[in-house]
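Quick look at run-v4.txt (compact mmCIF, C-alpha atoms):
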```txt
# COMPACT_ATOMS: atom_id res chain seq x y z
CA MET B 1 125.00 -7.85 36.96
CA LEU B 2 126.86 -9.54 34.14
CA TYR B 3 125.29 -10.37 30.82
CA PRO B 4 125.88 -13.67 29.06
CA ASN B 5 127.83 -13.02 25.90
CA ASN B 6 125.11 -14.26 23.61
CA ILE B 7 122.61 -11.64 24.80
CA LYS B 8 123.01 -8.36 23.05
CA LYS B 9 123.12 -5.55 25.56
CA ASP B 10 120.48 -3.06 24.59
CA LYS B 11 119.94 -0.34 27.12
CA LYS B 12 116.58 0.50 25.61
CA SER B 13 115.13 -2.90 26.40
CA PHE B 14 115.45 -2.07 30.10
CA ILE B 15 113.40 1.07 29.87
CA ASN B 16 109.80 0.65 30.80
CA TYR B 17 108.11 2.75 28.15
CA GLY B 18 104.71 2.13 29.71
CA ASN B 19 105.76 4.15 32.72
CA ARG B 20 107.39 6.93 30.79
CA GLY B 21 106.20 10.24 32.21
CA MET B 22 104.66 8.51 35.22
CA ASN B 23 107.26 9.64 37.66
CA LEU B 24 107.19 13.25 36.47
CA GLU B 25 103.40 13.25 36.68
CA ASN B 26 103.52 11.95 40.24
CA LEU B 27 106.00 14.62 41.27
CA ILE B 28 103.76 17.31 39.80
CA ASN B 29 100.64 15.89 41.42
CA GLU B 30 102.42 15.81 44.79
CA THR B 31 103.56 19.39 44.29
CA ASN B 32 100.05 20.53 43.40
CA GLU B 33 98.67 18.83 46.48
CA TYR B 34 101.26 20.63 48.58
CA TYR B 35 100.24 23.95 46.98
CA LEU B 36 96.57 23.19 47.67
CA ASN B 37 97.08 22.15 51.30
CA ASN B 38 99.32 25.11 52.02
CA ASP B 39 97.12 27.64 50.25
CA ILE B 40 99.85 28.58 47.79
CA ALA B 41 98.16 27.92 44.46
CA LEU B 42 95.22 26.01 43.01
CA ILE B 43 96.42 23.78 40.21
CA PHE B 44 94.64 20.66 39.01
CA LYS B 45 95.21 18.01 36.42
CA LYS B 46 92.37 18.01 33.92
CA PRO B 47 90.46 14.75 33.59
CA THR B 48 91.40 12.71 30.52
CA PRO B 49 88.83 13.45 27.84
CA ILE B 50 86.98 10.38 26.67
CA GLY B 51 84.29 9.69 24.14
CA ILE B 52 81.49 7.54 25.48
CA ALA B 53 80.12 4.97 23.06
CA LYS B 54 77.81 2.92 25.29
CA VAL B 55 76.36 3.33 28.75
CA SER B 56 74.28 1.04 30.88
CA TYR B 57 71.97 1.62 33.82
CA ASN B 58 71.85 -0.54 36.91
CA SER B 59 71.06 -0.22 40.59
CA PHE B 60 74.30 1.75 41.14
CA GLY B 61 73.36 4.29 38.48
CA LYS B 62 74.86 4.98 35.09
CA SER B 63 78.04 3.20 34.08
CA ILE B 64 80.15 3.23 30.96
CA GLU B 65 80.32 0.03 28.90
CA LYS B 66 82.37 1.30 25.98
CA ALA B 67 84.48 4.40 25.57
CA TYR B 68 87.67 5.56 23.95
CA PHE B 69 90.40 8.01 24.83
CA LYS B 70 90.35 11.38 23.12
CA GLU B 71 93.32 13.65 22.66
CA GLN B 72 93.65 16.56 25.05
CA SER B 73 93.53 19.65 22.85
CA THR B 74 94.72 21.89 25.66
CA LEU B 75 97.45 21.24 28.25
CA ASP B 76 97.10 18.78 31.11
CA TYR B 77 97.26 21.12 34.10
CA ASN B 78 95.63 24.43 34.81
CA GLY B 79 94.69 26.63 37.68
CA LEU B 80 95.48 29.90 39.35
CA TYR B 81 98.17 31.63 41.33
CA LYS B 82 97.54 35.06 42.83
CA GLY B 83 94.60 35.58 40.49
CA LYS B 84 96.66 34.73 37.40
CA TYR B 85 95.77 31.97 35.01
CA ILE B 86 98.35 29.18 34.80
CA GLU B 87 98.43 26.32 32.31
CA PHE B 88 101.15 23.79 31.63
CA ASP B 89 102.04 20.35 30.47
CA ALA B 90 104.57 17.77 31.65
CA LYS B 91 106.82 16.33 28.97
CA GLU B 92 109.56 13.77 29.31
CA THR B 93 112.15 12.68 26.81
CA LEU B 94 114.83 10.01 26.89
CA ASN B 95 116.64 11.86 24.16
CA LYS B 96 119.78 13.40 25.70
CA THR B 97 120.66 15.97 23.06
CA SER B 98 117.33 17.42 21.95
CA PHE B 99 113.66 17.63 22.81
CA PRO B 100 111.53 16.33 19.91
CA LEU B 101 108.73 18.74 19.05
CA SER B 102 106.58 15.74 18.12
CA ASN B 103 105.91 15.61 21.89
CA ILE B 104 103.63 18.62 21.44
CA HIS B 105 100.50 18.17 19.33
CA PRO B 106 99.70 20.95 16.81
CA HIS B 107 96.43 21.83 18.61
CA GLN B 108 98.36 22.09 21.89
CA LEU B 109 100.77 24.47 20.22
CA LYS B 110 97.90 26.56 18.95
CA HIS B 111 96.45 26.57 22.45
CA ILE B 112 99.79 27.73 23.92
CA ARG B 113 99.77 30.68 21.48
CA ASN B 114 96.19 31.43 22.53
CA VAL B 115 96.97 31.37 26.26
CA ILE B 116 99.92 33.73 25.72
CA ASN B 117 97.75 36.10 23.64
CA HIS B 118 95.22 36.20 26.47
CA LYS B 119 98.01 37.02 28.94
CA GLY B 120 97.95 33.67 30.72
CA ILE B 121 101.06 32.03 32.13
CA CYS B 122 101.87 29.01 30.03
CA PHE B 123 104.81 26.63 30.13
CA LEU B 124 106.14 23.10 29.83
CA ILE B 125 107.84 21.18 32.61
CA ILE B 126 110.40 19.08 30.77
CA LYS B 127 112.28 16.14 32.23
CA MET B 128 115.43 15.58 30.28
CA ASN B 129 118.78 14.10 31.28
CA ASN B 130 117.25 13.49 34.71
CA LEU B 131 116.84 17.21 35.27
CA TYR B 132 113.66 19.27 35.35
CA TYR B 133 113.16 22.45 33.36
CA LEU B 134 110.42 25.02 33.15
CA LEU B 135 110.28 26.28 29.58
CA LEU B 136 107.96 29.24 29.14
CA GLY B 137 105.48 29.11 26.27
CA GLU B 138 107.04 32.32 24.95
CA SER B 139 110.48 30.65 24.64
CA LEU B 140 108.97 27.60 23.01
CA ILE B 141 107.06 29.69 20.45
CA TYR B 142 110.16 31.81 19.83
CA PHE B 143 112.17 28.69 19.04
CA ILE B 144 109.50 27.28 16.73
CA ASP B 145 108.99 30.56 14.87
CA HIS B 146 112.74 31.04 14.33
CA ASN B 147 113.79 27.49 13.48
CA GLU B 148 113.05 24.86 10.90
CA ARG B 149 114.17 22.11 13.27
CA LYS B 150 111.88 19.38 14.50
CA SER B 151 113.51 19.27 17.92
CA ILE B 152 114.85 21.76 20.45
CA PRO B 153 118.58 21.29 21.17
CA TYR B 154 119.37 20.64 24.81
CA ASP B 155 121.59 23.71 24.78
CA PHE B 156 118.60 25.92 23.97
CA ILE B 157 116.72 24.42 26.92
CA LYS B 158 119.67 24.82 29.29
CA THR B 159 120.04 28.46 28.26
CA ASN B 160 116.39 29.50 28.03
CA ALA B 161 114.51 27.31 30.50
CA PHE B 162 114.59 27.57 34.29
CA GLU B 163 115.89 24.54 36.11
CA ILE B 164 113.62 23.21 38.84
CA ILE B 165 115.70 21.45 41.48
CA GLU B 166 113.91 18.39 42.82
CA LYS B 167 113.54 18.52 46.57
CA TYR B 168 111.30 17.39 49.39
CA ASN B 169 107.90 19.05 49.81
CA PRO B 170 107.17 20.40 47.35
CA SER B 171 109.02 18.07 44.98
CA LEU B 172 109.08 20.44 42.01
CA ASP B 173 108.54 23.98 43.23
CA TYR B 174 107.67 25.50 39.86
CA ILE B 175 105.49 28.25 41.35
CA LYS B 176 108.58 29.82 42.91
CA ILE B 177 109.92 30.45 39.40
CA ILE B 178 106.58 31.92 38.28
CA ASP B 179 106.52 34.07 41.39
CA ASN B 180 109.97 35.48 40.58
CA LEU B 181 108.89 36.20 37.02
CA LEU B 182 105.79 38.03 38.26
CA LYS B 183 107.92 40.11 40.63
CA GLU B 184 110.26 41.08 37.79
CA GLU B 185 107.26 42.15 35.71
CA LYS B 186 106.21 44.76 38.25
CA MET J 187 46.08 18.65 22.88
CA LEU J 188 43.29 17.61 25.19
CA TYR J 189 43.74 15.15 28.01
CA PRO J 190 41.23 12.40 28.73
CA ASN J 191 39.52 13.11 32.02
CA ASN J 192 40.80 9.96 33.65
CA ILE J 193 44.44 11.00 33.29
CA LYS J 194 45.56 13.30 36.05
CA LYS J 195 47.24 16.34 34.65
CA ASP J 196 50.61 16.61 36.26
CA LYS J 197 52.79 19.32 34.84
CA LYS J 198 55.90 17.63 36.17
CA SER J 199 55.35 14.53 34.07
CA PHE J 200 55.84 16.62 30.94
CA ILE J 201 59.24 17.87 31.96
CA ASN J 202 62.11 15.91 30.53
CA TYR J 203 64.40 15.69 33.55
CA GLY J 204 67.04 13.89 31.52
CA ASN J 205 67.59 17.03 29.49
CA ARG J 206 67.52 19.41 32.41
CA GLY J 207 70.46 21.77 32.11
CA MET J 208 71.11 20.66 28.54
CA ASN J 209 69.89 23.84 26.97
CA LEU J 210 71.84 26.06 29.35
CA GLU J 211 74.98 24.02 28.72
CA ASN J 212 74.55 24.39 24.96
CA LEU J 213 74.13 28.14 25.24
CA ILE J 214 77.30 28.36 27.32
CA ASN J 215 79.26 26.13 24.94
CA GLU J 216 78.14 28.26 22.01
CA THR J 217 79.15 31.41 23.87
CA ASN J 218 82.57 29.98 24.71
CA GLU J 219 83.09 29.03 21.07
CA TYR J 220 82.21 32.58 20.08
CA TYR J 221 84.73 33.91 22.61
CA LEU J 222 87.40 31.53 21.29
CA ASN J 223 86.81 32.32 17.61
CA ASN J 224 86.71 36.06 18.26
CA ASP J 225 89.74 36.08 20.56
CA ILE J 226 87.75 37.43 23.48
CA ALA J 227 88.38 34.80 26.14
CA LEU J 228 89.56 31.21 26.46
CA ILE J 229 86.99 29.22 28.40
CA PHE J 230 86.57 25.46 28.19
CA LYS J 231 84.32 22.87 29.71
CA LYS J 232 86.37 20.40 31.70
CA PRO J 233 86.08 16.78 30.62
CA THR J 234 83.82 14.68 32.84
CA PRO J 235 86.05 12.81 35.27
CA ILE J 236 85.71 9.05 35.03
CA GLY J 237 87.24 6.12 36.81
CA ILE J 238 88.50 3.45 34.45
CA ALA J 239 87.91 -0.11 35.61
CA LYS J 240 88.90 -2.12 32.54
CA VAL J 241 90.73 -1.39 29.31
CA SER J 242 91.38 -3.50 26.26
CA TYR J 243 93.93 -3.31 23.49
CA ASN J 244 93.15 -3.88 19.83
CA SER J 245 94.42 -2.77 16.45
CA PHE J 246 92.93 0.72 17.02
CA GLY J 247 94.83 1.13 20.29
CA LYS J 248 93.60 1.26 23.85
CA SER J 249 89.87 1.37 24.53
CA ILE J 250 87.80 1.44 27.68
CA GLU J 251 85.64 -1.58 28.44
CA LYS J 252 84.32 -0.53 31.84
CA ALA J 253 84.29 2.81 33.59
CA TYR J 254 82.13 4.88 35.90
CA PHE J 255 81.36 8.56 36.28
CA LYS J 256 83.10 10.43 39.08
CA GLU J 257 81.87 13.63 40.66
CA GLN J 258 83.49 16.86 39.54
CA SER J 259 85.08 18.32 42.68
CA THR J 260 85.67 21.66 41.01
CA LEU J 261 83.38 23.64 38.70
CA ASP J 262 82.60 22.63 35.13
CA TYR J 263 84.12 25.54 33.20
CA ASN J 264 87.40 27.34 33.54
CA GLY J 265 89.74 29.48 31.57
CA LEU J 266 91.12 32.96 31.28
CA TYR J 267 90.10 36.46 30.37
CA LYS J 268 92.72 39.21 30.12
CA GLY J 269 95.15 37.10 32.14
CA LYS J 270 92.63 36.53 34.94
CA TYR J 271 91.53 33.12 36.07
CA ILE J 272 87.82 32.40 35.55
CA GLU J 273 85.87 29.42 36.86
CA PHE J 274 82.15 28.82 36.91
CA ASP J 275 79.36 26.34 36.85
CA ALA J 276 75.97 26.25 35.14
CA LYS J 277 73.00 25.49 37.36
CA GLU J 278 69.39 25.24 36.46
CA THR J 279 66.36 24.99 38.69
CA LEU J 280 62.67 24.53 37.97
CA ASN J 281 61.89 25.95 41.38
CA LYS J 282 60.36 29.40 40.86
CA THR J 283 60.80 30.87 44.31
CA SER J 284 64.22 29.71 45.48
CA PHE J 285 67.44 28.09 44.33
CA PRO J 286 68.12 24.89 46.30
CA LEU J 287 71.68 24.82 47.65
CA SER J 288 71.65 21.05 47.19
CA ASN J 289 72.55 21.91 43.57
CA ILE J 290 76.05 22.72 44.79
CA HIS J 291 78.13 19.87 46.22
CA PRO J 292 80.06 20.60 49.44
CA HIS J 293 83.44 20.07 47.72
CA GLN J 294 82.37 22.51 45.00
CA LEU J 295 81.53 25.04 47.69
CA LYS J 296 84.93 24.54 49.28
CA HIS J 297 86.51 24.98 45.86
CA ILE J 298 84.60 28.25 45.29
CA ARG J 299 85.99 29.57 48.60
CA ASN J 300 89.47 28.50 47.49
CA VAL J 301 89.22 30.22 44.10
CA ILE J 302 88.07 33.45 45.78
CA ASN J 303 90.94 33.25 48.30
CA HIS J 304 93.39 32.92 45.44
CA LYS J 305 91.84 35.97 43.76
CA GLY J 306 90.22 34.08 40.91
CA ILE J 307 86.90 35.11 39.37
CA CYS J 308 84.31 32.55 40.32
CA PHE J 309 80.56 32.46 39.73
CA LEU J 310 77.47 30.47 38.90
CA ILE J 311 75.32 30.97 35.84
CA ILE J 312 71.84 30.19 37.09
CA LYS J 313 68.81 29.57 34.90
CA MET J 314 65.68 30.23 36.89
CA ASN J 315 62.21 31.36 35.82
CA ASN J 316 63.52 31.26 32.24
CA LEU J 317 66.01 34.01 32.99
CA TYR J 318 69.78 33.80 33.28
CA TYR J 319 71.75 35.18 36.20
CA LEU J 320 75.42 35.49 37.00
CA LEU J 321 75.84 35.08 40.74
CA LEU J 322 79.35 35.82 41.95
CA GLY J 323 80.98 33.31 44.28
CA GLU J 324 81.35 36.12 46.81
CA SER J 325 77.57 36.70 46.91
CA LEU J 326 76.90 32.97 47.15
CA ILE J 327 79.34 32.55 50.06
CA TYR J 328 77.94 35.66 51.75
CA PHE J 329 74.46 34.17 51.60
CA ILE J 330 75.58 30.80 52.94
CA ASP J 331 77.62 32.31 55.77
CA HIS J 332 74.76 34.56 56.88
CA ASN J 333 71.82 32.22 56.53
CA GLU J 334 70.64 28.92 57.89
CA ARG J 335 68.44 28.33 54.84
CA LYS J 336 68.94 25.45 52.45
CA SER J 337 67.94 27.50 49.43
CA ILE J 338 68.50 31.00 48.12
CA PRO J 339 65.28 33.00 47.73
CA TYR J 340 64.67 34.26 44.21
CA ASP J 341 64.57 37.80 45.60
CA PHE J 342 68.17 37.48 46.78
CA ILE J 343 69.21 36.36 43.29
CA LYS J 344 67.28 39.16 41.58
CA THR J 345 68.91 41.71 43.89
CA ASN J 346 72.46 40.35 44.04
CA ALA J 347 73.07 38.55 40.76
CA PHE J 348 73.56 40.14 37.34
CA GLU J 349 71.00 39.26 34.72
CA ILE J 350 72.42 37.96 31.45
CA ILE J 351 70.04 38.76 28.63
CA GLU J 352 69.94 35.93 26.08
CA LYS J 353 70.75 37.17 22.60
CA TYR J 354 72.27 36.08 19.33
CA ASN J 355 76.02 35.56 19.14
CA PRO J 356 77.11 35.27 21.82
CA SER J 357 74.02 33.73 23.40
CA LEU J 358 74.95 34.48 27.00
CA ASP J 359 77.52 37.25 27.08
CA TYR J 360 78.70 36.69 30.66
CA ILE J 361 82.20 38.05 29.98
CA LYS J 362 80.72 41.52 29.46
CA ILE J 363 79.58 41.49 33.09
CA ILE J 364 83.00 40.31 34.26
CA ASP J 365 84.63 43.00 32.16
CA ASN J 366 82.50 45.71 33.78
CA LEU J 367 83.39 44.37 37.23
CA LEU J 368 87.11 44.43 36.37
CA LYS J 369 86.80 48.04 35.14
CA GLU J 370 85.09 49.04 38.41
CA GLU J 371 87.92 47.42 40.37
CA LYS J 372 90.54 49.69 38.80
```
Written as structure tokens, how would this file's structure read?
Amino acid sequence: MLYPNNIKKDKKSFINYGNRGMNLENLINETNEYYLNNDIALIFKKPTPIGIAKVSYNSFGKSIEKAYFKEQSTLDYNGLYKGKYIEFDAKETLNKTSFPLSNIHPHQLKHIRNVINHKGICFLIIKMNNLYYLLLGESLIYFIDHNERKSIPYDFIKTNAFEIIEKYNPSLDYIKIIDNLLKEEK
Amino acid sequence: MLYPNNIKKDKKSFINYGNRGMNLENLINETNEYYLNNDIALIFKKPTPIGIAKVSYNSFGKSIEKAYFKEQSTLDYNGLYKGKYIEFDAKETLNKTSFPLSNIHPHQLKHIRNVINHKGICFLIIKMNNLYYLLLGESLIYFIDHNERKSIPYDFIKTNAFEIIEKYNPSLDYIKIIDNLLKEEK
């Protein structure tokens, strides 16, 4: 498609920000469903926390008339694999050179430290440059505790995260990486 | 207080059904907060799942104009203790002689079987006859698979569940029971 000369080409204007993260979330949900149906792992997305301001009662029961979204103070997904506690979040950035730490809320960061302290398995699945990475909570915390930077350079992610190759069924087989890590631990 | 003779005394009418379970939930929330603040375990109540029917946008951001409550298909609380996955639900009955299985939805039952299969720690905290019991998922499933009954006799609970003695800080120290079970396992 050619652009008339008087329209400034701005790549950003063609990005649907409303859907940002949508695709990654769908891939993860599909993967979790595959894990559930094939008895591999039990991982669920937590419901979005909301604050309820007004309810009404009718013949169908209780319904919500007014509510607002609350921030998730933990990570979006949790569950279990071989008895072990797993918790993670899906993060997507359009930034090609670094992952902005503003994507992770301070209370989420505190929670990641907590999960690690309690010997849970905690990580981020990051979509960046159209690739998928599993960055362990330990690597994330290491970076934060040893850097003043407000974003993680892509090089750090490429070196320290595990790439998850997108494929068919399951789309993003992140448990395979966790399984390998657990085997190494033994 | 004395009742006029023409009013039939009905004990049930003095029970606030709307608050049923409230007290137990508060005790558990308090206990979980104690565990969190004292670095003992990380257990959270899952947000209530809702279906959003209508949202609006204003200067404060997105808010919900119409929504409805969905049924939790898993159990209400989950988290981790010493790296192990924990999931449980709080159930309360006013029935003195048996615990009606109608308190547990079929999809919750299926989920309990799943958690056990994946080596998670799964249980119910039951308030009955003003006492608190921790009934392991394994005992619950055993009962269901070996009985045609629609309720669990109180005797079965007294024999097979662990009593949690209510005390001050933490109110219901259920992790202590889990800890003893984990020690026995070794």
Quote the spacing between CA of Phe274 in chain J and CA of His297 in chain J in Å to one decimal place. 10.7 Å
Hey, what's within 9 Å of Ser284 in chain J if we count only C-alpha atoms and toss same-chain stuff fewer than 5 positions away? As a PyMOL selection string, please? chain J and resi 279+314+337-343
Written selection (C-alpha atoms) as a compact mmCIF listing (two decimals), in the frame of the given file:
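Okay, part-v3.txt is ready:
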```
# COMPACT_ATOMS: atom_id res chain seq x y z
CA THR J 279 66.36 24.99 38.69
CA MET J 314 65.68 30.23 36.89
CA SER J 337 67.94 27.50 49.43
CA ILE J 338 68.50 31.00 48.12
CA PRO J 339 65.28 33.00 47.73
CA TYR J 340 64.67 34.26 44.21
CA ASP J 341 64.57 37.80 45.60
CA PHE J 342 68.17 37.48 46.78
CA ILE J 343 69.21 36.36 43.29
```
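Computed from the coordinates, the CA of Asn212 in chain J to CA of Tyr68 in chain B distance equals 23.0 Å.
The space separating CA of Asn300 in chain J from CA of Asn38 in chain B comes to 11.4 Å.
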Please report as a Markdown table every residue of chain B lying within 6 Å of chain J, along with the nearest atom pair and their distance in Å (one decimal), using all atoms listed in the file.
```
| residue | atom | partner | partner_atom | distance |
| --- | --- | --- | --- | --- |
| B:Pro47 | CA | J:Pro235 | CA | 5.1 |
| B:Pro49 | CA | J:Pro233 | CA | 5.1 |
| B:Ser63 | CA | J:Tyr254 | CA | 4.8 |
| B:Ile64 | CA | J:Ala253 | CA | 4.9 |
| B:Glu65 | CA | J:Lys252 | CA | 5.0 |
| B:Lys66 | CA | J:Glu251 | CA | 5.0 |
| B:Ala67 | CA | J:Ile250 | CA | 4.9 |
| B:Tyr68 | CA | J:Ser249 | CA | 4.8 |
| B:Lys82 | CA | J:His304 | CA | 5.3 |
| B:Gly83 | CA | J:Lys305 | CA | 4.3 |
| B:Lys84 | CA | J:Lys270 | CA | 5.1 |
| B:Tyr85 | CA | J:Tyr271 | CA | 4.5 |
| B:His118 | CA | J:Lys268 | CA | 5.4 |
| B:Lys119 | CA | J:Gly269 | CA | 4.3 |
| B:Gly120 | CA | J:Gly269 | CA | 4.6 |
```
Keeping only C-alpha atoms, take the residues you just selected and write them out as an mmCIF file, keeping the file's coordinate frame.
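Heads up, here's the output in part-v6.cif:
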```cif
data_model
loop_
_atom_site.group_PDB
_atom_site.id
_atom_site.type_symbol
_atom_site.label_atom_id
_atom_site.label_comp_id
_atom_site.auth_asym_id
_atom_site.auth_seq_id
_atom_site.Cartn_x
_atom_site.Cartn_y
_atom_site.Cartn_z
ATOM 1 C CA PRO B 47 90.460 14.750 33.590
ATOM 2 C CA PRO B 49 88.830 13.450 27.840
ATOM 3 C CA SER B 63 78.040 3.200 34.080
ATOM 4 C CA ILE B 64 80.150 3.230 30.960
ATOM 5 C CA GLU B 65 80.320 0.030 28.900
ATOM 6 C CA LYS B 66 82.370 1.300 25.980
ATOM 7 C CA ALA B 67 84.480 4.400 25.570
ATOM 8 C CA TYR B 68 87.670 5.560 23.950
ATOM 9 C CA LYS B 82 97.540 35.060 42.830
ATOM 10 C CA GLY B 83 94.600 35.580 40.490
ATOM 11 C CA LYS B 84 96.660 34.730 37.400
ATOM 12 C CA TYR B 85 95.770 31.970 35.010
ATOM 13 C CA HIS B 118 95.220 36.200 26.470
ATOM 14 C CA LYS B 119 98.010 37.020 28.940
ATOM 15 C CA GLY B 120 97.950 33.670 30.720
#
```
Which centre and edge lengths in Å to one decimal define the box along x, y and z that fits every listed atom of range 314-329 of chain J plus 5 Å per side, as AutoDock Vina command-line options?
```
--center_x 71.8 --center_y 33.5 --center_z 42.0 --size_x 29.1 --size_y 16.5 --size_z 29.5
```
So which one's closest to Ala347 in chain J, J:Ser245, J:Ser259, J:Asn215, J:Ser325? Using only C-alpha atoms, please.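 Using only C-alpha atoms, Ala347 in chain J sits closest to J:Ser325.
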With only C-alpha atoms counted, which protein, DNA or RNA residues have an atom no more than 9 Å from (73.1, 35.3, 35.4) in the file frame? Please answer as a list in words. Leu310, Ile311, Ile312, Lys313, Leu317, Tyr318, Tyr319, Leu320, Leu321, Ile343, Ala347, Phe348, Glu349, Ile350, Ile351, Leu358 and Tyr360 of chain J
